[in-house]
Amino acid sequence: MGFGPREEQKMKVVKFGGSSMADAGQYRKIREILMADPERRVVVVSAAGKRFSGDHKLTDLLYLCYAHIQYGVDCSGIFEMIASRYLDIRDELGLDLCLEPELAELKKRIDAKNISQEELVSRGEYFSAKLMAAYLGFQFVDAADWVKFNMDGTVNQEESYEALRHQALLGYGAVIPGFYGCMPDGTIHTFSRGGSDITGALAAAALDADVYENWTDVSGILMADPRIVDDPQAIPEVTYDELRELSYSGAQVLHEDSIFPVREKNIPVNIRNTNQPDAPGTMIRASFEMDQDPDRFITGITGKKDFSIISLSKRGMSNQVGVLRKVLTVLERHNISVDYVPNGIDNVSVVLPTHSIERDLYTIMAEIKKEAEPDTLDVHHHIAVVAAVGRKMAFRPGISGKIFAALGESGINIRMINQGPDELNIIFGVDNKDFKEAIRVLYNSFVTK
Ligand code: ADP
Ligand code: ASP
Ligand code: MG
């Protein structure tokens with residue numbers, strides 16, 4: 001049997017993140033989850049994550065291992081930790097799977113400095129998937145055999161989908177390692193961190209899954225980062241557009257690039273909690289017919305730190321053509337993409353991550369001065385960008401007033417304000433030091449009242 005077009009049988013692609021794969025106990029929970037629903041047939045897994053706070057993620061250990069090789073330092077101790085995490089899971093589950101020769105071969109290549117960083121860090125997912133496949137009696141399908149990257153690092157979707165559909169599915173289901181694929185020359189390439197979410201989305205799109213379930217350690221997308229706000233409410237329904245805004249602006253629960261493949265095929269995404277499998281989690285779709293919660297105008301509040309704002313003013317700028325273009329051209333020349341462009345009548349700012357301008361800052365400022373000839377030109381660093389996201393904000397006057405009043409009452413200075421043309425978000429800048437407080441103040445003013 002192949003993965004070819006399915007007639008009637010429904011199928012779900014299910015992805016389990018690092019904490020869901022952290023130890024043998026978590027593997028057992030996953031098996032229960034799969035047994036509870038026979039439609040869960042294609043499983044994408046991450047490398048083992050933290051078992052407790054202070055523990056190491058396997059992927060972090062692999063990056064560390066590579067850093068050791070780079071500096072010519074022996075990494076045997078770290079490699080032992082990595083190998084034993086997987087061997088312990090195998091032994092505790094009583095699996096008859098011989099991983100030792102592959103681990104020994106990997107260590108040999110590390111010692112000979114004969115492995116790329118990307119291939120080395122991808123082994124976390126690889127061994128996870130081997131173990132999970134053995135445990136479930138599912139087939140192991142290597143991501144390197146179907147996730148195909150173009151030379152520029154983007155995914156060749158057509159070829160990848162085709163390749164996955166042609167994989168023979170011998171057993172009842174399949175387990176696929178997340179996070180990596182292969183370049184046109186066959187070498188291993190990884191997504192950015194958290195990229196197993198993208199592998200799951202690609203598998204769901206390739207196989208026209210009915211649902212893409214993403215299992216993690218929280219019961220869905222929460223209204224704010226639980227590490228900042230105590231016990232935030234879960235959001236039952238989110239649109240693809242809102243999710244894109246939320247994850248781009250900082251909510252790390254799902255990788256920001258995992259939305260595109262599923263949105264193209266209109267496949268719903270369901271975020272679920274491996275440790276609380278009965279909770280319905282968050283459902284993500286293009287739109288929702290019924291409004292389950294008409295009083296909720298803000299879907300979520302999120303943000304990121306360490307932005308810079310370059311601001312310039314020029315008398316009569318509103319009547320001059322091309323000032324903004326000149327600023328953007330300078331940034332483009334330095335290969336810098338801009339996140340937000342808030343503007344007034346005779347002034348404009350560009351907001352961008354500090355790390356992207358750090359190196360060339362003085363040259364960039366000099367070029368803007370020369371080419372745009374502003375009256376004033378300043379740059380402010382240590383800015384956090386906070387976003388309030390909600391599909392219903394557009395129909396509700398006074399939301400931004402409420403936000404600014406709440407922040408003002410708490411003595412938080414607003415450095416910048418921006419609203420996207422689709423009115424799906426209100427973005428504002430505060431000092432890095434006020435970041436968490438700004439999120440808490442907003443959450444409390446919108447959720448508890
Ligand atoms: P996984 O290992 O399953 O991929 P991640 O660590 O990538 O899980 O994402 C889940 C984590 O995202 C949660 O444990 C939580 O701390 C964090 N998080 C940040 N913002 C949010 C949010 N708005 N909603 C839910 N989780 C969030
Ligand atoms: N293991 C990878 C990481 O830690 C990918 C993932 O978990 O999604 O980033
Ligand atoms: Mg993740």
# chains A, B, ... in the order shown; residues from 1 in each chain; ligands from 1
>>> select_by_dssp(residues="range 141-385 of chain A", states="strand (DSSP E)", output="PDB file with C-alpha atoms, in the first residue's frame")
ATOM      1  CA  ALA A 174       4.406   5.677   9.778  1.00  0.00           C
ATOM      2  CA  VAL A 175       6.766   7.643  11.989  1.00  0.00           C
ATOM      3  CA  ILE A 176       8.720  10.533  10.454  1.00  0.00           C
ATOM      4  CA  PRO A 177      11.523  12.517  12.123  1.00  0.00           C
ATOM      5  CA  TYR A 180      15.275  18.190   8.639  1.00  0.00           C
ATOM      6  CA  GLY A 181      15.311  17.173   5.000  1.00  0.00           C
ATOM      7  CA  CYS A 182      17.850  17.075   2.207  1.00  0.00           C
ATOM      8  CA  ILE A 188      21.108  17.082   5.307  1.00  0.00           C
ATOM      9  CA  HIS A 189      19.571  20.516   5.887  1.00  0.00           C
ATOM     10  CA  THR A 190      17.565  21.600   8.934  1.00  0.00           C
ATOM     11  CA  VAL A 211      -6.505  17.306  10.501  1.00  0.00           C
ATOM     12  CA  TYR A 212      -2.977  18.223  11.566  1.00  0.00           C
ATOM     13  CA  GLU A 213      -2.739  17.594  15.302  1.00  0.00           C
ATOM     14  CA  ASN A 214       0.184  19.259  17.032  1.00  0.00           C
ATOM     15  CA  TRP A 215       0.722  17.753  20.499  1.00  0.00           C
ATOM     16  CA  THR A 216       2.735  19.745  23.002  1.00  0.00           C
ATOM     17  CA  GLU A 237     -10.536  28.948  18.126  1.00  0.00           C
ATOM     18  CA  VAL A 238      -7.945  30.844  16.122  1.00  0.00           C
ATOM     19  CA  THR A 239      -7.862  31.671  12.410  1.00  0.00           C
ATOM     20  CA  VAL A 269      -4.747  22.410  12.892  1.00  0.00           C
ATOM     21  CA  ASN A 270      -5.520  21.233  16.407  1.00  0.00           C
ATOM     22  CA  ILE A 271      -3.033  22.088  19.180  1.00  0.00           C
ATOM     23  CA  ARG A 272      -3.295  19.490  21.968  1.00  0.00           C
ATOM     24  CA  ASN A 273      -1.657  18.590  25.259  1.00  0.00           C
ATOM     25  CA  THR A 282      -7.083  25.049  20.126  1.00  0.00           C
ATOM     26  CA  MET A 283      -8.654  24.615  16.711  1.00  0.00           C
ATOM     27  CA  ILE A 284      -7.162  26.638  13.846  1.00  0.00           C
ATOM     28  CA  ARG A 285      -9.102  27.177  10.620  1.00  0.00           C
ATOM     29  CA  GLY A 300      -3.977  36.814  22.192  1.00  0.00           C
ATOM     30  CA  ILE A 301      -1.208  39.053  23.454  1.00  0.00           C
ATOM     31  CA  THR A 302       2.372  38.356  22.570  1.00  0.00           C
ATOM     32  CA  GLY A 303       5.674  40.054  21.846  1.00  0.00           C
ATOM     33  CA  LYS A 304       9.435  39.963  21.455  1.00  0.00           C
ATOM     34  CA  LYS A 305      12.320  41.942  22.893  1.00  0.00           C
ATOM     35  CA  ASP A 306      15.405  43.571  21.398  1.00  0.00           C
ATOM     36  CA  PHE A 307      14.210  45.744  18.569  1.00  0.00           C
ATOM     37  CA  SER A 308      15.588  49.095  17.409  1.00  0.00           C
ATOM     38  CA  ILE A 309      13.627  52.048  16.057  1.00  0.00           C
ATOM     39  CA  ILE A 310      15.209  54.347  13.510  1.00  0.00           C
ATOM     40  CA  SER A 311      13.154  57.557  13.394  1.00  0.00           C
ATOM     41  CA  LEU A 312      13.495  60.492  11.087  1.00  0.00           C
ATOM     42  CA  SER A 313      11.585  63.704  10.678  1.00  0.00           C
ATOM     43  CA  ASN A 347       8.073  61.745  10.453  1.00  0.00           C
ATOM     44  CA  VAL A 348       8.551  58.082   9.871  1.00  0.00           C
ATOM     45  CA  SER A 349      10.181  55.251  11.797  1.00  0.00           C
ATOM     46  CA  VAL A 350      11.333  51.799  10.881  1.00  0.00           C
ATOM     47  CA  VAL A 351      11.322  49.056  13.470  1.00  0.00           C
ATOM     48  CA  LEU A 352      13.678  46.128  13.080  1.00  0.00           C
ATOM     49  CA  PRO A 353      15.437  43.506  15.199  1.00  0.00           C
ATOM     50  CA  THR A 376      16.446  64.782  12.578  1.00  0.00           C
ATOM     51  CA  LEU A 377      17.593  61.183  12.638  1.00  0.00           C
ATOM     52  CA  ASP A 378      17.692  59.019  15.772  1.00  0.00           C
ATOM     53  CA  VAL A 379      17.962  55.430  16.746  1.00  0.00           C
ATOM     54  CA  HIS A 380      16.590  53.859  19.957  1.00  0.00           C
ATOM     55  CA  HIS A 381      17.563  50.390  21.076  1.00  0.00           C
ATOM     56  CA  HIS A 382      16.261  48.039  23.791  1.00  0.00           C
ATOM     57  CA  ILE A 383      12.703  48.184  22.514  1.00  0.00           C
ATOM     58  CA  ALA A 384      10.206  45.357  22.964  1.00  0.00           C
ATOM     59  CA  VAL A 385       7.381  44.988  20.487  1.00  0.00           C
TER      60      VAL A 385
END
>>> residues_near_ligand(ligand="ligand 2", cutoff="9 Å", atoms="only C-alpha atoms and all ligand atoms", output="PyMOL selection string")
chain A and resi 16-19+45-49+57-60+121-122+124-125+178-180+190-199+254-255
>>> closest_residue(among="A:Ala387, A:Ala372, A:Val338, A:Met132", to="Leu324 in chain A", atoms="only C-alpha atoms")
A:Ala372
>>> residues_near_ligand(ligand="ligand 1", cutoff="6 Å", atoms="only C-alpha atoms and all ligand atoms", output="PyMOL selection string")
chain A and resi 17-19+194+216-218+221-227+251-253
>>> write_last_selection(atoms="all heavy atoms", output="compact mmCIF listing (two decimals), in the first residue's frame")
# COMPACT_ATOMS: atom_id res chain seq x y z
N GLY A 17 5.95 17.14 20.08
CA GLY A 17 7.12 17.99 20.33
C GLY A 17 8.07 17.38 21.34
O GLY A 17 7.83 16.28 21.87
N GLY A 18 9.13 18.12 21.63
CA GLY A 18 10.22 17.61 22.47
C GLY A 18 9.78 17.11 23.83
O GLY A 18 10.18 16.03 24.26
N SER A 19 8.93 17.89 24.53
CA SER A 19 8.58 17.46 25.89
C SER A 19 7.71 16.20 25.83
O SER A 19 7.74 15.38 26.75
CB SER A 19 7.85 18.58 26.63
OG SER A 19 6.71 18.96 25.89
N GLY A 194 12.70 24.66 16.31
CA GLY A 194 11.26 24.45 16.40
C GLY A 194 10.65 23.93 15.10
O GLY A 194 9.43 23.84 14.96
N THR A 216 1.65 19.08 22.29
CA THR A 216 2.73 19.74 23.00
C THR A 216 2.50 19.64 24.51
O THR A 216 1.86 18.69 24.97
CB THR A 216 2.87 21.19 22.46
OG1 THR A 216 3.91 21.85 23.15
CG2 THR A 216 1.58 22.00 22.60
N ASP A 217 3.01 20.61 25.28
CA ASP A 217 2.88 20.50 26.74
C ASP A 217 1.94 21.54 27.33
O ASP A 217 1.97 21.80 28.53
CB ASP A 217 4.26 20.59 27.41
CG ASP A 217 4.96 21.90 27.13
OD1 ASP A 217 4.46 22.69 26.30
OD2 ASP A 217 6.01 22.16 27.73
N VAL A 218 1.14 22.19 26.50
CA VAL A 218 0.11 23.13 26.99
C VAL A 218 -1.20 22.78 26.26
O VAL A 218 -1.18 22.26 25.15
CB VAL A 218 0.47 24.61 26.72
CG1 VAL A 218 1.44 25.14 27.75
CG2 VAL A 218 1.02 24.80 25.31
N ILE A 221 -3.26 27.01 22.32
CA ILE A 221 -2.64 28.34 22.31
C ILE A 221 -3.28 29.13 23.43
O ILE A 221 -4.51 29.16 23.57
CB ILE A 221 -2.85 29.02 20.95
CG1 ILE A 221 -2.22 28.14 19.87
CG2 ILE A 221 -2.24 30.41 20.95
CD1 ILE A 221 -2.31 28.70 18.50
N LEU A 222 -2.46 29.71 24.23
CA LEU A 222 -2.96 30.45 25.38
C LEU A 222 -2.98 31.94 25.04
O LEU A 222 -2.24 32.39 24.15
CB LEU A 222 -2.07 30.18 26.59
CG LEU A 222 -1.86 28.69 26.88
CD1 LEU A 222 -0.81 28.49 27.97
CD2 LEU A 222 -3.18 28.02 27.27
N MET A 223 -3.79 32.68 25.78
CA MET A 223 -3.91 34.11 25.47
C MET A 223 -2.62 34.88 25.68
O MET A 223 -2.45 35.97 25.15
CB MET A 223 -5.03 34.75 26.28
CG MET A 223 -6.39 34.50 25.67
SD MET A 223 -7.60 35.62 26.33
CE MET A 223 -7.13 37.18 25.65
N ALA A 224 -1.71 34.32 26.47
CA ALA A 224 -0.40 34.95 26.64
C ALA A 224 0.58 33.85 27.04
O ALA A 224 0.18 32.75 27.40
CB ALA A 224 -0.47 36.02 27.72
N ASP A 225 1.85 34.16 26.93
CA ASP A 225 2.89 33.21 27.27
C ASP A 225 2.76 32.82 28.76
O ASP A 225 2.80 33.68 29.64
CB ASP A 225 4.25 33.89 27.02
CG ASP A 225 5.42 32.93 27.14
OD1 ASP A 225 5.31 31.96 27.93
OD2 ASP A 225 6.43 33.14 26.47
N PRO A 226 2.60 31.53 29.04
CA PRO A 226 2.39 31.10 30.43
C PRO A 226 3.61 31.37 31.32
O PRO A 226 3.51 31.30 32.54
CB PRO A 226 2.12 29.61 30.31
CG PRO A 226 2.68 29.20 29.00
CD PRO A 226 2.59 30.39 28.10
N ARG A 227 4.75 31.67 30.69
CA ARG A 227 5.93 31.99 31.52
C ARG A 227 5.89 33.45 31.97
O ARG A 227 6.69 33.90 32.78
CB ARG A 227 7.21 31.69 30.74
CG ARG A 227 7.39 30.17 30.53
CD ARG A 227 8.35 29.87 29.42
NE ARG A 227 7.88 30.41 28.15
CZ ARG A 227 8.44 30.17 26.97
NH1 ARG A 227 9.52 29.43 26.92
NH2 ARG A 227 7.95 30.68 25.88
N ALA A 251 4.60 34.37 19.93
CA ALA A 251 4.07 33.17 20.60
C ALA A 251 4.73 31.94 19.98
O ALA A 251 4.47 31.59 18.84
CB ALA A 251 2.55 33.09 20.42
N GLN A 252 5.61 31.31 20.76
CA GLN A 252 6.46 30.29 20.15
C GLN A 252 5.81 28.92 20.09
O GLN A 252 6.46 27.95 19.74
CB GLN A 252 7.74 30.13 20.98
CG GLN A 252 8.59 31.35 21.01
CD GLN A 252 9.45 31.37 22.27
OE1 GLN A 252 9.21 30.64 23.22
NE2 GLN A 252 10.46 32.20 22.27
N VAL A 253 4.54 28.83 20.42
CA VAL A 253 3.98 27.50 20.55
C VAL A 253 4.00 26.73 19.23
O VAL A 253 4.21 25.52 19.21
CB VAL A 253 2.58 27.56 21.20
CG1 VAL A 253 1.64 28.41 20.43
CG2 VAL A 253 1.99 26.21 21.46
>>> closest_residue(among="A:Val330, A:Tyr66, A:Ile345, A:Asp257", to="ligand 3", atoms="only C-alpha atoms and all ligand atoms")
A:Asp257
>>> closest_residue(among="A:Thr154, A:Ser219, A:Thr187, A:Thr299", to="Leu243 in chain A", atoms="only C-alpha atoms")
A:Thr299
>>> closest_residue(among="A:Lys265, A:Lys402, A:Lys29, A:Glu256", to="ligand 3", atoms="only C-alpha atoms and all ligand atoms")
A:Glu256
>>> closest_residue(among="A:Ile228, A:Val441, A:Met21, A:Ile427", to="ligand 3", atoms="only C-alpha atoms and all ligand atoms")
A:Met21
>>> atom_distance(atom1="CA of Asn425 in chain A", atom2="CA of Arg244 in chain A")
11.0 Å
>>> closest_residue(among="A:Phe428, A:Ile336, A:Phe127, A:Phe297", to="Ser445 in chain A", atoms="only C-alpha atoms")
A:Phe297
>>> atom_distance(atom1="CA of Ser337 in chain A", atom2="CA of Asn150 in chain A")
21.5 Å
>>> select_by_dssp(residues="range 98-258 of chain A", states="alpha helix (DSSP H)", output="PyMOL selection string")
chain A and resi 100-111+117-136+157-165+196-206+240-249
>>> residues_around(residues="Arg333 in chain A", least_positions_apart="5", cutoff="12 Å", atoms="only C-alpha atoms", output="VMD selection string")
chain A and resid 326 to 328 357 360 363 to 364 367 to 368
>>> residues_around(residues="Leu87 in chain A", least_positions_apart="3", cutoff="12 Å", atoms="only C-alpha atoms", output="MDAnalysis selection string")
chainID A and resid 23:24 48 80:84 90:100 102:103 127:128 130:131
>>> atom_distance(atom1="CA of Val430 in chain A", atom2="CA of Arg415 in chain A")
5.4 Å
>>> decode(residues="range 121-132 of chain A", atoms="all heavy atoms", output="PDB file, in the first residue's frame")
ATOM      1  N   VAL A 121      22.974  17.736  14.228  1.00  0.00           N
ATOM      2  CA  VAL A 121      21.837  18.117  15.080  1.00  0.00           C
ATOM      3  C   VAL A 121      20.542  17.416  14.645  1.00  0.00           C
ATOM      4  O   VAL A 121      19.638  17.229  15.448  1.00  0.00           O
ATOM      5  CB  VAL A 121      21.618  19.659  15.164  1.00  0.00           C
ATOM      6  CG1 VAL A 121      22.845  20.326  15.738  1.00  0.00           C
ATOM      7  CG2 VAL A 121      21.233  20.261  13.832  1.00  0.00           C
ATOM      8  N   SER A 122      20.489  16.985  13.393  1.00  0.00           N
ATOM      9  CA  SER A 122      19.281  16.286  12.918  1.00  0.00           C
ATOM     10  C   SER A 122      19.146  14.894  13.536  1.00  0.00           C
ATOM     11  O   SER A 122      18.082  14.284  13.490  1.00  0.00           O
ATOM     12  CB  SER A 122      19.301  16.152  11.393  1.00  0.00           C
ATOM     13  OG  SER A 122      20.211  15.125  10.998  1.00  0.00           O
ATOM     14  N   ARG A 123      20.232  14.379  14.102  1.00  0.00           N
ATOM     15  CA  ARG A 123      20.196  13.000  14.621  1.00  0.00           C
ATOM     16  C   ARG A 123      19.288  12.875  15.851  1.00  0.00           C
ATOM     17  O   ARG A 123      18.884  11.776  16.213  1.00  0.00           O
ATOM     18  CB  ARG A 123      21.619  12.486  14.925  1.00  0.00           C
ATOM     19  CG  ARG A 123      22.565  12.362  13.714  1.00  0.00           C
ATOM     20  CD  ARG A 123      22.027  11.478  12.608  1.00  0.00           C
ATOM     21  NE  ARG A 123      21.168  12.197  11.664  1.00  0.00           N
ATOM     22  CZ  ARG A 123      20.515  11.618  10.647  1.00  0.00           C
ATOM     23  NH1 ARG A 123      20.641  10.339  10.403  1.00  0.00           N
ATOM     24  NH2 ARG A 123      19.741  12.345   9.866  1.00  0.00           N
ATOM     25  N   GLY A 124      18.990  13.996  16.500  1.00  0.00           N
ATOM     26  CA  GLY A 124      18.071  13.948  17.640  1.00  0.00           C
ATOM     27  C   GLY A 124      16.713  13.443  17.183  1.00  0.00           C
ATOM     28  O   GLY A 124      16.123  12.515  17.765  1.00  0.00           O
ATOM     29  N   GLU A 125      16.192  14.016  16.121  1.00  0.00           N
ATOM     30  CA  GLU A 125      14.891  13.613  15.578  1.00  0.00           C
ATOM     31  C   GLU A 125      14.984  12.202  14.986  1.00  0.00           C
ATOM     32  O   GLU A 125      14.075  11.392  15.123  1.00  0.00           O
ATOM     33  CB  GLU A 125      14.456  14.567  14.460  1.00  0.00           C
ATOM     34  CG  GLU A 125      13.788  15.867  14.762  1.00  0.00           C
ATOM     35  CD  GLU A 125      14.338  16.781  15.834  1.00  0.00           C
ATOM     36  OE1 GLU A 125      15.565  16.819  16.035  1.00  0.00           O
ATOM     37  OE2 GLU A 125      13.542  17.475  16.468  1.00  0.00           O
ATOM     38  N   TYR A 126      16.134  11.931  14.334  1.00  0.00           N
ATOM     39  CA  TYR A 126      16.301  10.630  13.669  1.00  0.00           C
ATOM     40  C   TYR A 126      16.164   9.475  14.674  1.00  0.00           C
ATOM     41  O   TYR A 126      15.379   8.545  14.468  1.00  0.00           O
ATOM     42  CB  TYR A 126      17.681  10.614  12.979  1.00  0.00           C
ATOM     43  CG  TYR A 126      18.061   9.293  12.373  1.00  0.00           C
ATOM     44  CD1 TYR A 126      17.631   8.946  11.090  1.00  0.00           C
ATOM     45  CD2 TYR A 126      18.853   8.381  13.083  1.00  0.00           C
ATOM     46  CE1 TYR A 126      17.984   7.721  10.533  1.00  0.00           C
ATOM     47  CE2 TYR A 126      19.204   7.159  12.537  1.00  0.00           C
ATOM     48  CZ  TYR A 126      18.768   6.827  11.259  1.00  0.00           C
ATOM     49  OH  TYR A 126      19.112   5.618  10.718  1.00  0.00           O
ATOM     50  N   PHE A 127      16.897   9.574  15.775  1.00  0.00           N
ATOM     51  CA  PHE A 127      16.834   8.473  16.750  1.00  0.00           C
ATOM     52  C   PHE A 127      15.476   8.427  17.463  1.00  0.00           C
ATOM     53  O   PHE A 127      14.970   7.354  17.762  1.00  0.00           O
ATOM     54  CB  PHE A 127      17.989   8.562  17.750  1.00  0.00           C
ATOM     55  CG  PHE A 127      19.311   8.165  17.143  1.00  0.00           C
ATOM     56  CD1 PHE A 127      20.332   9.089  16.983  1.00  0.00           C
ATOM     57  CD2 PHE A 127      19.527   6.862  16.700  1.00  0.00           C
ATOM     58  CE1 PHE A 127      21.547   8.728  16.402  1.00  0.00           C
ATOM     59  CE2 PHE A 127      20.743   6.481  16.115  1.00  0.00           C
ATOM     60  CZ  PHE A 127      21.755   7.426  15.966  1.00  0.00           C
ATOM     61  N   SER A 128      14.880   9.600  17.706  1.00  0.00           N
ATOM     62  CA  SER A 128      13.523   9.620  18.277  1.00  0.00           C
ATOM     63  C   SER A 128      12.562   8.824  17.404  1.00  0.00           C
ATOM     64  O   SER A 128      11.770   8.021  17.895  1.00  0.00           O
ATOM     65  CB  SER A 128      12.976  11.055  18.289  1.00  0.00           C
ATOM     66  OG  SER A 128      13.209  11.714  19.478  1.00  0.00           O
ATOM     67  N   ALA A 129      12.631   9.086  16.098  1.00  0.00           N
ATOM     68  CA  ALA A 129      11.687   8.447  15.174  1.00  0.00           C
ATOM     69  C   ALA A 129      11.946   6.941  15.076  1.00  0.00           C
ATOM     70  O   ALA A 129      11.015   6.138  15.003  1.00  0.00           O
ATOM     71  CB  ALA A 129      11.764   9.099  13.791  1.00  0.00           C
ATOM     72  N   LYS A 130      13.234   6.560  15.093  1.00  0.00           N
ATOM     73  CA  LYS A 130      13.560   5.117  15.048  1.00  0.00           C
ATOM     74  C   LYS A 130      12.939   4.404  16.251  1.00  0.00           C
ATOM     75  O   LYS A 130      12.342   3.337  16.125  1.00  0.00           O
ATOM     76  CB  LYS A 130      15.091   4.943  15.097  1.00  0.00           C
ATOM     77  CG  LYS A 130      15.768   5.238  13.777  1.00  0.00           C
ATOM     78  CD  LYS A 130      16.025   3.936  13.089  1.00  0.00           C
ATOM     79  CE  LYS A 130      16.134   4.132  11.608  1.00  0.00           C
ATOM     80  NZ  LYS A 130      16.753   3.027  10.908  1.00  0.00           N
ATOM     81  N   LEU A 131      13.099   5.028  17.424  1.00  0.00           N
ATOM     82  CA  LEU A 131      12.579   4.416  18.645  1.00  0.00           C
ATOM     83  C   LEU A 131      11.056   4.359  18.629  1.00  0.00           C
ATOM     84  O   LEU A 131      10.452   3.343  18.969  1.00  0.00           O
ATOM     85  CB  LEU A 131      13.029   5.240  19.856  1.00  0.00           C
ATOM     86  CG  LEU A 131      14.423   4.964  20.380  1.00  0.00           C
ATOM     87  CD1 LEU A 131      14.830   6.054  21.369  1.00  0.00           C
ATOM     88  CD2 LEU A 131      14.468   3.596  21.077  1.00  0.00           C
ATOM     89  N   MET A 132      10.448   5.485  18.244  1.00  0.00           N
ATOM     90  CA  MET A 132       8.985   5.536  18.269  1.00  0.00           C
ATOM     91  C   MET A 132       8.405   4.533  17.269  1.00  0.00           C
ATOM     92  O   MET A 132       7.397   3.868  17.550  1.00  0.00           O
ATOM     93  CB  MET A 132       8.506   6.966  17.969  1.00  0.00           C
ATOM     94  CG  MET A 132       7.021   7.179  18.142  1.00  0.00           C
ATOM     95  SD  MET A 132       6.380   6.657  19.748  1.00  0.00           S
ATOM     96  CE  MET A 132       6.680   8.111  20.721  1.00  0.00           C
TER      97      MET A 132
END
